[in-house]
$ cat work.cif   # mmCIF, C-alpha atoms
data_coords
#
loop_
_atom_site.label_atom_id
_atom_site.label_comp_id
_atom_site.auth_asym_id
_atom_site.auth_seq_id
_atom_site.Cartn_x
_atom_site.Cartn_y
_atom_site.Cartn_z
CA ALA Y 1 -33.16 25.69 21.00
CA GLY Y 2 -32.16 22.28 22.24
CA GLU Y 3 -33.83 22.72 25.60
CA SER Y 4 -37.02 24.19 24.14
CA GLY Y 5 -37.16 21.42 21.57
CA ALA Y 6 -36.73 18.74 24.21
CA ALA Y 7 -39.44 20.38 26.31
CA ALA Y 8 -41.81 20.19 23.35
CA ALA Y 9 -41.06 16.52 22.69
CA PRO Y 10 -43.85 15.09 24.90
CA ALA Y 11 -46.49 17.18 23.12
CA VAL Y 12 -45.13 16.17 19.72
CA THR Y 13 -45.14 12.52 20.77
CA ASP Y 14 -48.73 12.74 22.04
CA ALA Y 15 -49.88 14.33 18.78
CA LEU Y 16 -48.16 11.62 16.74
CA LEU Y 17 -49.65 8.84 18.84
CA GLN Y 18 -53.12 10.30 18.33
CA GLY Y 19 -52.58 10.28 14.58
CA LEU Y 20 -51.43 12.94 12.12
CA PRO Y 21 -51.65 13.38 8.33
CA PRO Y 22 -48.54 12.15 6.45
CA ALA Y 23 -46.84 15.53 6.01
CA LEU Y 24 -47.33 16.51 9.64
CA ALA Y 25 -46.35 13.05 10.84
CA GLU Y 26 -43.14 13.18 8.85
CA ALA Y 27 -42.30 16.61 10.29
CA GLY Y 28 -43.12 15.47 13.81
CA LEU Y 29 -40.96 12.37 13.52
CA ALA Y 30 -38.08 14.48 12.23
CA THR Y 31 -38.46 16.83 15.17
CA LEU Y 32 -38.39 13.98 17.67
CA THR Y 33 -35.35 12.50 15.97
CA GLU Y 34 -33.54 15.78 16.37
CA VAL Y 35 -34.47 16.73 19.92
CA SER Y 36 -35.45 13.59 21.83
CA ALA Y 37 -35.10 10.40 19.83
CA ALA Y 38 -35.12 8.03 22.80
CA ALA Y 39 -38.42 9.44 24.03
CA GLY Y 40 -39.87 9.15 20.55
CA VAL Y 41 -39.51 5.38 20.20
CA PRO Y 42 -43.25 4.65 20.72
CA ALA Y 43 -44.10 7.07 17.90
CA PHE Y 44 -41.36 5.71 15.64
CA VAL Y 45 -42.62 2.16 16.18
CA LEU Y 46 -46.20 3.22 15.39
CA TYR Y 47 -45.30 5.03 12.17
CA MET Y 48 -42.89 2.36 10.89
CA HIS Y 49 -46.09 0.68 9.65
CA HIS Y 50 -47.42 3.73 7.82
CA ARG Y 51 -48.61 3.22 4.24
CA GLN Y 52 -46.43 6.08 2.96
CA SER Y 53 -42.77 5.17 2.53
CA SER Y 54 -41.47 8.66 3.32
CA VAL Y 55 -43.11 8.44 6.74
CA ARG Y 56 -41.62 4.99 7.33
CA ARG Y 57 -38.21 6.39 6.39
CA ALA Y 58 -38.61 9.15 8.93
CA ALA Y 59 -39.48 6.53 11.54
CA ALA Y 60 -36.42 4.47 10.60
CA ARG Y 61 -34.15 7.50 11.04
CA GLY Y 62 -35.61 8.09 14.47
CA LEU Y 63 -35.17 4.47 15.53
CA ALA Y 64 -31.56 4.50 14.37
CA LYS Y 65 -30.80 7.57 16.46
CA ALA Y 66 -32.73 6.36 19.49
CA GLY Y 67 -31.03 3.00 19.88
CA GLY Y 68 -31.96 0.55 22.61
CA PRO Y 69 -33.49 -2.94 22.40
CA GLU Y 70 -36.94 -1.85 21.19
CA ALA Y 71 -35.48 0.34 18.44
CA VAL Y 72 -33.09 -2.41 17.31
CA ALA Y 73 -35.92 -4.95 17.12
CA ALA Y 74 -37.99 -2.50 15.07
CA LEU Y 75 -35.10 -1.84 12.68
CA GLN Y 76 -34.66 -5.58 12.22
CA ARG Y 77 -38.28 -5.78 11.09
CA LEU Y 78 -37.77 -2.86 8.73
CA LEU Y 79 -35.07 -4.82 6.90
CA ARG Y 80 -38.00 -6.58 5.23
CA ASP Y 81 -39.91 -3.39 4.34
CA GLY Y 82 -41.25 -3.08 0.80
CA ASP Y 83 -39.34 0.15 0.18
CA ALA Y 84 -35.62 0.01 -0.65
CA GLY Y 85 -34.98 3.31 1.10
CA VAL Y 86 -36.51 2.05 4.33
CA ARG Y 87 -34.53 -1.19 4.14
CA GLY Y 88 -31.33 0.75 3.56
CA LEU Y 89 -31.95 3.10 6.48
CA ALA Y 90 -32.70 0.14 8.73
CA ALA Y 91 -29.47 -1.62 7.77
CA THR Y 92 -27.41 1.54 8.14
CA GLY Y 93 -28.97 2.21 11.52
CA LEU Y 94 -28.22 -1.29 12.78
CA GLY Y 95 -24.63 -0.92 11.65
CA ALA Y 96 -24.26 2.44 13.37
CA LEU Y 97 -25.69 0.93 16.57
CA ARG Y 98 -23.30 -2.06 16.28
CA ALA Y 99 -26.32 -4.28 16.86
CA ARG Y 100 -24.72 -7.70 17.07
CA GLU Y 101 -28.06 -9.38 17.69
CA ALA Y 102 -29.12 -8.23 14.22
CA VAL Y 103 -26.26 -9.95 12.36
CA PRO Y 104 -28.34 -12.97 11.18
CA ASP Y 105 -31.01 -10.64 9.82
CA LEU Y 106 -28.36 -8.49 8.14
CA VAL Y 107 -26.92 -11.58 6.43
CA LEU Y 108 -30.37 -12.37 5.06
CA ALA Y 109 -30.76 -8.75 3.97
CA LEU Y 110 -27.43 -8.96 2.16
CA GLU Y 111 -28.64 -12.05 0.34
CA ARG Y 112 -31.72 -10.09 -0.67
CA ARG Y 113 -29.39 -7.44 -2.11
CA VAL Y 114 -29.84 -4.71 0.47
CA PRO Y 115 -26.55 -2.92 -0.29
CA GLU Y 116 -26.29 -1.17 3.07
CA ALA Y 117 -26.35 -4.52 4.88
CA ALA Y 118 -22.75 -5.24 3.87
CA VAL Y 119 -21.29 -2.24 5.68
CA ALA Y 120 -23.62 -2.84 8.61
CA LEU Y 121 -22.28 -6.37 8.90
CA GLY Y 122 -18.71 -5.17 8.59
CA ARG Y 123 -19.29 -2.74 11.45
CA SER Y 124 -21.27 -4.94 13.80
CA CYS Y 125 -20.34 -8.62 13.38
CA GLU Y 126 -18.33 -10.40 16.03
CA GLY Y 127 -16.08 -13.45 15.83
CA ALA Y 128 -17.32 -16.28 13.63
CA ALA Y 129 -20.41 -14.23 12.74
CA CYS Y 130 -18.16 -12.13 10.50
CA ASP Y 131 -17.70 -15.18 8.30
CA GLY Y 132 -21.27 -14.63 7.08
CA LEU Y 133 -19.99 -11.53 5.29
CA LEU Y 134 -16.82 -13.13 4.00
CA ALA Y 135 -18.77 -16.12 2.66
CA HIS Y 136 -20.57 -13.87 0.19
CA THR Y 137 -17.39 -12.62 -1.45
CA GLY Y 138 -17.66 -13.61 -5.09
CA THR Y 139 -21.39 -14.29 -4.95
CA VAL Y 140 -22.65 -10.80 -4.12
CA PRO Y 141 -21.58 -7.98 -6.50
CA PHE Y 142 -18.32 -6.48 -5.32
CA SER Y 143 -19.80 -3.00 -5.38
CA ILE Y 144 -22.03 -4.20 -2.53
CA ILE Y 145 -19.74 -6.55 -0.61
CA GLY Y 146 -16.54 -4.52 -0.95
CA PRO Y 147 -17.45 -1.66 1.41
CA GLY Y 148 -18.47 -4.21 4.04
CA LEU Y 149 -15.15 -6.04 3.80
CA GLU Y 150 -13.35 -2.71 4.02
CA ALA Y 151 -15.24 -1.76 7.17
CA LEU Y 152 -14.43 -5.15 8.69
CA VAL Y 153 -10.67 -4.92 8.10
CA LEU Y 154 -10.49 -1.35 9.40
CA ARG Y 155 -11.95 -2.26 12.79
CA PRO Y 156 -9.58 -2.45 15.79
CA ALA Y 157 -7.75 -5.70 16.48
CA ALA Y 158 -9.68 -6.03 19.74
CA GLU Y 159 -12.88 -6.39 17.71
CA VAL Y 160 -11.72 -8.38 14.66
CA ASP Y 161 -8.77 -10.75 14.95
CA GLU Y 162 -5.87 -10.75 12.52
CA PRO Y 163 -6.50 -14.21 10.97
CA ARG Y 164 -9.96 -13.06 9.90
CA LYS Y 165 -8.55 -9.86 8.38
CA LEU Y 166 -5.95 -11.91 6.54
CA ARG Y 167 -8.69 -14.13 5.14
CA VAL Y 168 -10.47 -11.05 3.80
CA VAL Y 169 -7.29 -9.85 2.08
CA SER Y 170 -6.77 -13.32 0.61
CA ALA Y 171 -10.35 -13.54 -0.63
CA VAL Y 172 -10.16 -10.14 -2.31
CA ARG Y 173 -6.82 -11.08 -3.88
CA GLU Y 174 -8.26 -14.30 -5.27
CA LEU Y 175 -11.04 -12.38 -7.00
CA GLY Y 176 -8.38 -10.81 -9.19
CA THR Y 177 -10.38 -7.71 -10.11
CA HIS Y 178 -9.52 -4.05 -10.51
CA GLU Y 179 -12.18 -3.18 -7.91
CA GLY Y 180 -10.50 -5.53 -5.47
CA HIS Y 181 -7.10 -4.04 -6.24
CA GLU Y 182 -8.38 -0.55 -5.47
CA LEU Y 183 -9.92 -1.73 -2.20
CA LEU Y 184 -6.63 -3.30 -1.14
CA LYS Y 185 -4.81 -0.04 -1.85
CA ARG Y 186 -7.35 1.90 0.21
CA LEU Y 187 -6.92 -0.51 3.10
CA ALA Y 188 -3.13 -0.22 3.00
CA ALA Y 189 -3.34 3.58 2.96
CA ALA Y 190 -5.94 3.74 5.72
CA LEU Y 191 -4.15 1.31 8.04
CA GLY Y 192 -0.65 2.66 7.45
CA ASN Y 193 1.65 1.90 10.36
CA ASN Y 194 -1.28 0.64 12.42
CA ALA Y 195 -1.35 -2.64 10.50
CA SER Y 196 0.54 -5.58 11.93
CA PRO Y 197 3.61 -6.80 10.03
CA ALA Y 198 1.68 -9.84 8.76
CA LEU Y 199 -1.27 -7.78 7.56
CA SER Y 200 1.02 -5.19 5.94
CA GLN Y 201 2.88 -7.90 4.08
CA ALA Y 202 -0.34 -9.60 2.96
CA LEU Y 203 -1.68 -6.30 1.65
CA ARG Y 204 1.55 -5.50 -0.23
CA GLU Y 205 1.61 -8.92 -1.85
CA ALA Y 206 -2.09 -8.80 -2.73
CA ILE Y 207 -1.76 -5.32 -4.25
CA ALA Y 208 1.18 -6.46 -6.36
CA ALA Y 209 -0.62 -9.63 -7.44
CA THR Y 210 -3.70 -7.73 -8.59
CA GLU Y 211 -1.86 -4.81 -10.23
CA ALA Y 212 -2.82 -5.87 -13.76
CA SER Y 213 -6.29 -7.15 -12.87
CA PRO Y 214 -9.08 -6.19 -15.30
#
$ encode --input "work.cif" --output "structure tokens"
Amino acid sequence: AGESGAAAAPAVTDALLQGLPPALAEAGLATLTEVSAAAGVPAFVLYMHHRQSSVRRAAARGLAKAGGPEAVAALQRLLRDGDAGVRGLAATGLGALRAREAVPDLVLALERRVPEAAVALGRSCEGAACDGLLAHTGTVPFSIIGPGLEALVLRPAAEVDEPRKLRVVSAVRELGTHEGHELLKRLAAALGNNASPALSQALREAIAATEASP
């Protein structure tokens, strides 16, 4: 099925580029996403401007699977789409692609309350760029920022240095909330023996300090 689907991809792409009604376009985009996403980028880019949001969502899914510079640039533009679902798919796709060039746009999306941008930032930021996520702790609802901070701390030490992880733990501790307490417990459980002694100690102390948080 995979080979036959891939063989049909050029014909599906041609049909999409010539123009299809919304329902057929959505089905065609889904097919390309499944069998040959990289080859479907021209069609995904064309239909990301479609008037119907469900079609734009299908295009966003395809771009996220395709990857590559053109797809990343298109997803960055979709962060400003008028539909929340499209914006969310674009942010999630950029995070899955670890698109570091998209970090400034993801920070802006976070400020515009695109919830998925927080996790995308946590997965894709690098070095000082990660501070753009940490800076929003306490200003963006924790239900949005928390998953991004969690993703950041769980990344390997080669990607996110220990001082930055310790700053996240400290910031969550200072919030003094039950949500923060639960996040700290999840981090401690997920990291287990993989956490450094300093990070393990910081987590233990932060969990104890927030035990009675409201």
$ resolve_selection --input "work.cif" --expression "the PyMOL selection byres ((chain Y and resi 136-145) around 9)" --output "VMD selection string"
chain Y and resid 110 to 111 113 to 119 131 to 135 146 to 150 168 171 to 172 175 179 to 180
$ closest_residue --input "work.cif" --among "Y:His49, Y:His178, Y:Arg56, Y:Arg173" --to "Gly85 in chain Y" --atoms "only C-alpha atoms"
Y:Arg56
$ resolve_selection --input "work.cif" --expression "the PyMOL selection byres ((chain Y and resi 62) around 7)" --output "list of chain:residue names"
Y:Leu29, Y:Thr33, Y:Ala37, Y:Phe44, Y:Ala58, Y:Ala59, Y:Ala60, Y:Arg61, Y:Leu63, Y:Ala64, Y:Lys65, Y:Ala66
$ resolve_selection --input "work.cif" --expression "the PyMOL selection byres ((chain Y and resi 126) around 8)" --output "number ranges by chain"
Y: 100, 124-125, 127-130, 159-160
$ write_last_selection --input "work.cif" --atoms "C-alpha atoms" --output "tab-separated table (two decimals), keeping the file's coordinate frame"
chain	number	residue	atom	x	y	z
Y	100	ARG	CA	-24.72	-7.70	17.07
Y	124	SER	CA	-21.27	-4.94	13.80
Y	125	CYS	CA	-20.34	-8.62	13.38
Y	127	GLY	CA	-16.08	-13.45	15.83
Y	128	ALA	CA	-17.32	-16.28	13.63
Y	129	ALA	CA	-20.41	-14.23	12.74
Y	130	CYS	CA	-18.16	-12.13	10.50
Y	159	GLU	CA	-12.88	-6.39	17.71
Y	160	VAL	CA	-11.72	-8.38	14.66
$ closest_residue --input "work.cif" --among "Y:Val72, Y:Val103, Y:Leu203, Y:Ala38" --to "Ala90 in chain Y" --atoms "all atoms listed in the file"
Y:Val72
$ residues_around --input "work.cif" --residues "Leu17 in chain Y" --least-positions-apart "2" --cutoff "8 Å" --atoms "only C-alpha atoms" --output "list of chain:residue names"
Y:Thr13, Y:Asp14, Y:Ala15, Y:Gly19, Y:Pro42, Y:Ala43, Y:Leu46
$ atom_distance --input "work.cif" --atom1 "CA of Ala209 in chain Y" --atom2 "CA of Leu183 in chain Y"
13.3 Å
$ atom_distance --input "work.cif" --atom1 "CA of Glu162 in chain Y" --atom2 "CA of Leu94 in chain Y"
24.3 Å
$ atom_distance --input "work.cif" --atom1 "CA of Ala188 in chain Y" --atom2 "CA of Gly95 in chain Y"
23.2 Å
$ closest_residue --input "work.cif" --among "Y:Val169, Y:Ala91, Y:Ala208, Y:Ala195" --to "Ala157 in chain Y" --atoms "all atoms listed in the file"
Y:Ala195
$ closest_residue --input "work.cif" --among "Y:Val55, Y:Ala99, Y:Ala23, Y:Ala212" --to "Gln76 in chain Y" --atoms "only C-alpha atoms"
Y:Ala99
$ closest_residue --input "work.cif" --among "Y:Gly28, Y:Gly40, Y:Pro22, Y:Pro69" --to "Gln52 in chain Y" --atoms "all atoms listed in the file"
Y:Pro22
$ closest_residue --input "work.cif" --among "Y:Ala39, Y:Glu182, Y:Val45, Y:Leu20" --to "Ala8 in chain Y" --atoms "only C-alpha atoms"
Y:Ala39
$ decode --input "work.cif" --residues "range 74-90 of chain Y" --atoms "all heavy atoms" --output "compact mmCIF listing (two decimals), in the first residue's frame"
# COMPACT_ATOMS: atom_id res chain seq x y z
N ALA Y 74 6.69 28.10 6.00
CA ALA Y 74 5.24 28.14 5.86
C ALA Y 74 4.55 27.98 7.22
O ALA Y 74 3.58 28.67 7.52
CB ALA Y 74 4.78 27.04 4.90
N LEU Y 75 5.06 27.08 8.05
CA LEU Y 75 4.49 26.89 9.37
C LEU Y 75 4.64 28.14 10.23
O LEU Y 75 3.76 28.48 11.02
CB LEU Y 75 5.15 25.69 10.06
CG LEU Y 75 4.77 24.31 9.51
CD1 LEU Y 75 5.68 23.23 10.08
CD2 LEU Y 75 3.30 23.99 9.81
N GLN Y 76 5.76 28.83 10.07
CA GLN Y 76 5.94 30.09 10.80
C GLN Y 76 4.85 31.09 10.41
O GLN Y 76 4.32 31.79 11.28
CB GLN Y 76 7.33 30.67 10.52
CG GLN Y 76 8.46 29.91 11.20
CD GLN Y 76 9.82 30.45 10.82
OE1 GLN Y 76 10.50 29.92 9.94
NE2 GLN Y 76 10.22 31.53 11.46
N ARG Y 77 4.51 31.14 9.13
CA ARG Y 77 3.45 32.06 8.71
C ARG Y 77 2.10 31.63 9.28
O ARG Y 77 1.26 32.46 9.63
CB ARG Y 77 3.40 32.13 7.17
CG ARG Y 77 4.62 32.76 6.55
CD ARG Y 77 4.40 33.17 5.09
NE ARG Y 77 4.17 32.03 4.23
CZ ARG Y 77 5.14 31.31 3.66
NH1 ARG Y 77 6.41 31.58 3.91
NH2 ARG Y 77 4.83 30.31 2.85
N LEU Y 78 1.90 30.32 9.38
CA LEU Y 78 0.62 29.82 9.88
C LEU Y 78 0.43 30.08 11.38
O LEU Y 78 -0.68 29.94 11.89
CB LEU Y 78 0.49 28.32 9.59
CG LEU Y 78 0.19 27.96 8.13
CD1 LEU Y 78 0.14 26.45 7.96
CD2 LEU Y 78 -1.12 28.60 7.66
N LEU Y 79 1.49 30.45 12.08
CA LEU Y 79 1.33 30.82 13.49
C LEU Y 79 0.45 32.05 13.64
O LEU Y 79 -0.07 32.31 14.74
CB LEU Y 79 2.71 31.11 14.12
CG LEU Y 79 3.63 29.92 14.37
CD1 LEU Y 79 5.00 30.41 14.81
CD2 LEU Y 79 3.03 28.99 15.42
N ARG Y 80 0.25 32.78 12.55
CA ARG Y 80 -0.59 33.99 12.59
C ARG Y 80 -1.94 33.77 11.90
O ARG Y 80 -2.65 34.73 11.62
CB ARG Y 80 0.16 35.16 11.93
CG ARG Y 80 1.47 35.50 12.62
CD ARG Y 80 2.14 36.72 12.02
NE ARG Y 80 2.61 36.47 10.65
CZ ARG Y 80 3.77 35.90 10.34
NH1 ARG Y 80 4.58 35.49 11.30
NH2 ARG Y 80 4.14 35.72 9.08
N ASP Y 81 -2.27 32.52 11.63
CA ASP Y 81 -3.54 32.20 10.97
C ASP Y 81 -4.72 32.63 11.85
O ASP Y 81 -4.61 32.71 13.08
CB ASP Y 81 -3.61 30.69 10.70
CG ASP Y 81 -4.77 30.31 9.78
OD1 ASP Y 81 -4.56 30.32 8.56
OD2 ASP Y 81 -5.87 30.04 10.30
N GLY Y 82 -5.85 32.88 11.21
CA GLY Y 82 -7.03 33.30 11.96
C GLY Y 82 -7.72 32.18 12.72
O GLY Y 82 -8.59 32.45 13.57
N ASP Y 83 -7.36 30.94 12.46
CA ASP Y 83 -7.99 29.80 13.12
C ASP Y 83 -7.08 29.24 14.20
O ASP Y 83 -5.90 28.95 13.95
CB ASP Y 83 -8.29 28.72 12.07
CG ASP Y 83 -8.90 27.48 12.69
OD1 ASP Y 83 -10.09 27.54 13.08
OD2 ASP Y 83 -8.19 26.46 12.80
N ALA Y 84 -7.62 29.04 15.41
CA ALA Y 84 -6.81 28.55 16.52
C ALA Y 84 -6.26 27.16 16.25
O ALA Y 84 -5.13 26.83 16.65
CB ALA Y 84 -7.64 28.54 17.80
N GLY Y 85 -7.04 26.33 15.57
CA GLY Y 85 -6.58 24.99 15.27
C GLY Y 85 -5.37 24.99 14.34
O GLY Y 85 -4.43 24.21 14.52
N VAL Y 86 -5.40 25.87 13.35
CA VAL Y 86 -4.27 25.99 12.42
C VAL Y 86 -3.04 26.49 13.17
O VAL Y 86 -1.93 25.96 13.00
CB VAL Y 86 -4.61 26.93 11.26
CG1 VAL Y 86 -3.38 27.16 10.37
CG2 VAL Y 86 -5.75 26.36 10.42
N ARG Y 87 -3.22 27.51 14.00
CA ARG Y 87 -2.09 28.04 14.77
C ARG Y 87 -1.48 26.96 15.66
O ARG Y 87 -0.26 26.83 15.77
CB ARG Y 87 -2.54 29.23 15.62
CG ARG Y 87 -3.01 30.43 14.81
CD ARG Y 87 -3.13 31.67 15.68
NE ARG Y 87 -4.08 31.53 16.78
CZ ARG Y 87 -5.37 31.79 16.71
NH1 ARG Y 87 -5.89 32.22 15.56
NH2 ARG Y 87 -6.16 31.66 17.76
N GLY Y 88 -2.34 26.18 16.29
CA GLY Y 88 -1.85 25.13 17.17
C GLY Y 88 -1.09 24.05 16.42
O GLY Y 88 -0.03 23.59 16.87
N LEU Y 89 -1.61 23.65 15.27
CA LEU Y 89 -0.91 22.66 14.45
C LEU Y 89 0.44 23.18 13.96
O LEU Y 89 1.43 22.44 13.91
CB LEU Y 89 -1.78 22.25 13.26
CG LEU Y 89 -2.98 21.36 13.58
CD1 LEU Y 89 -3.93 21.31 12.39
CD2 LEU Y 89 -2.51 19.94 13.94
N ALA Y 90 0.48 24.46 13.61
CA ALA Y 90 1.74 25.05 13.16
C ALA Y 90 2.77 25.04 14.28
O ALA Y 90 3.93 24.67 14.08
CB ALA Y 90 1.50 26.47 12.66
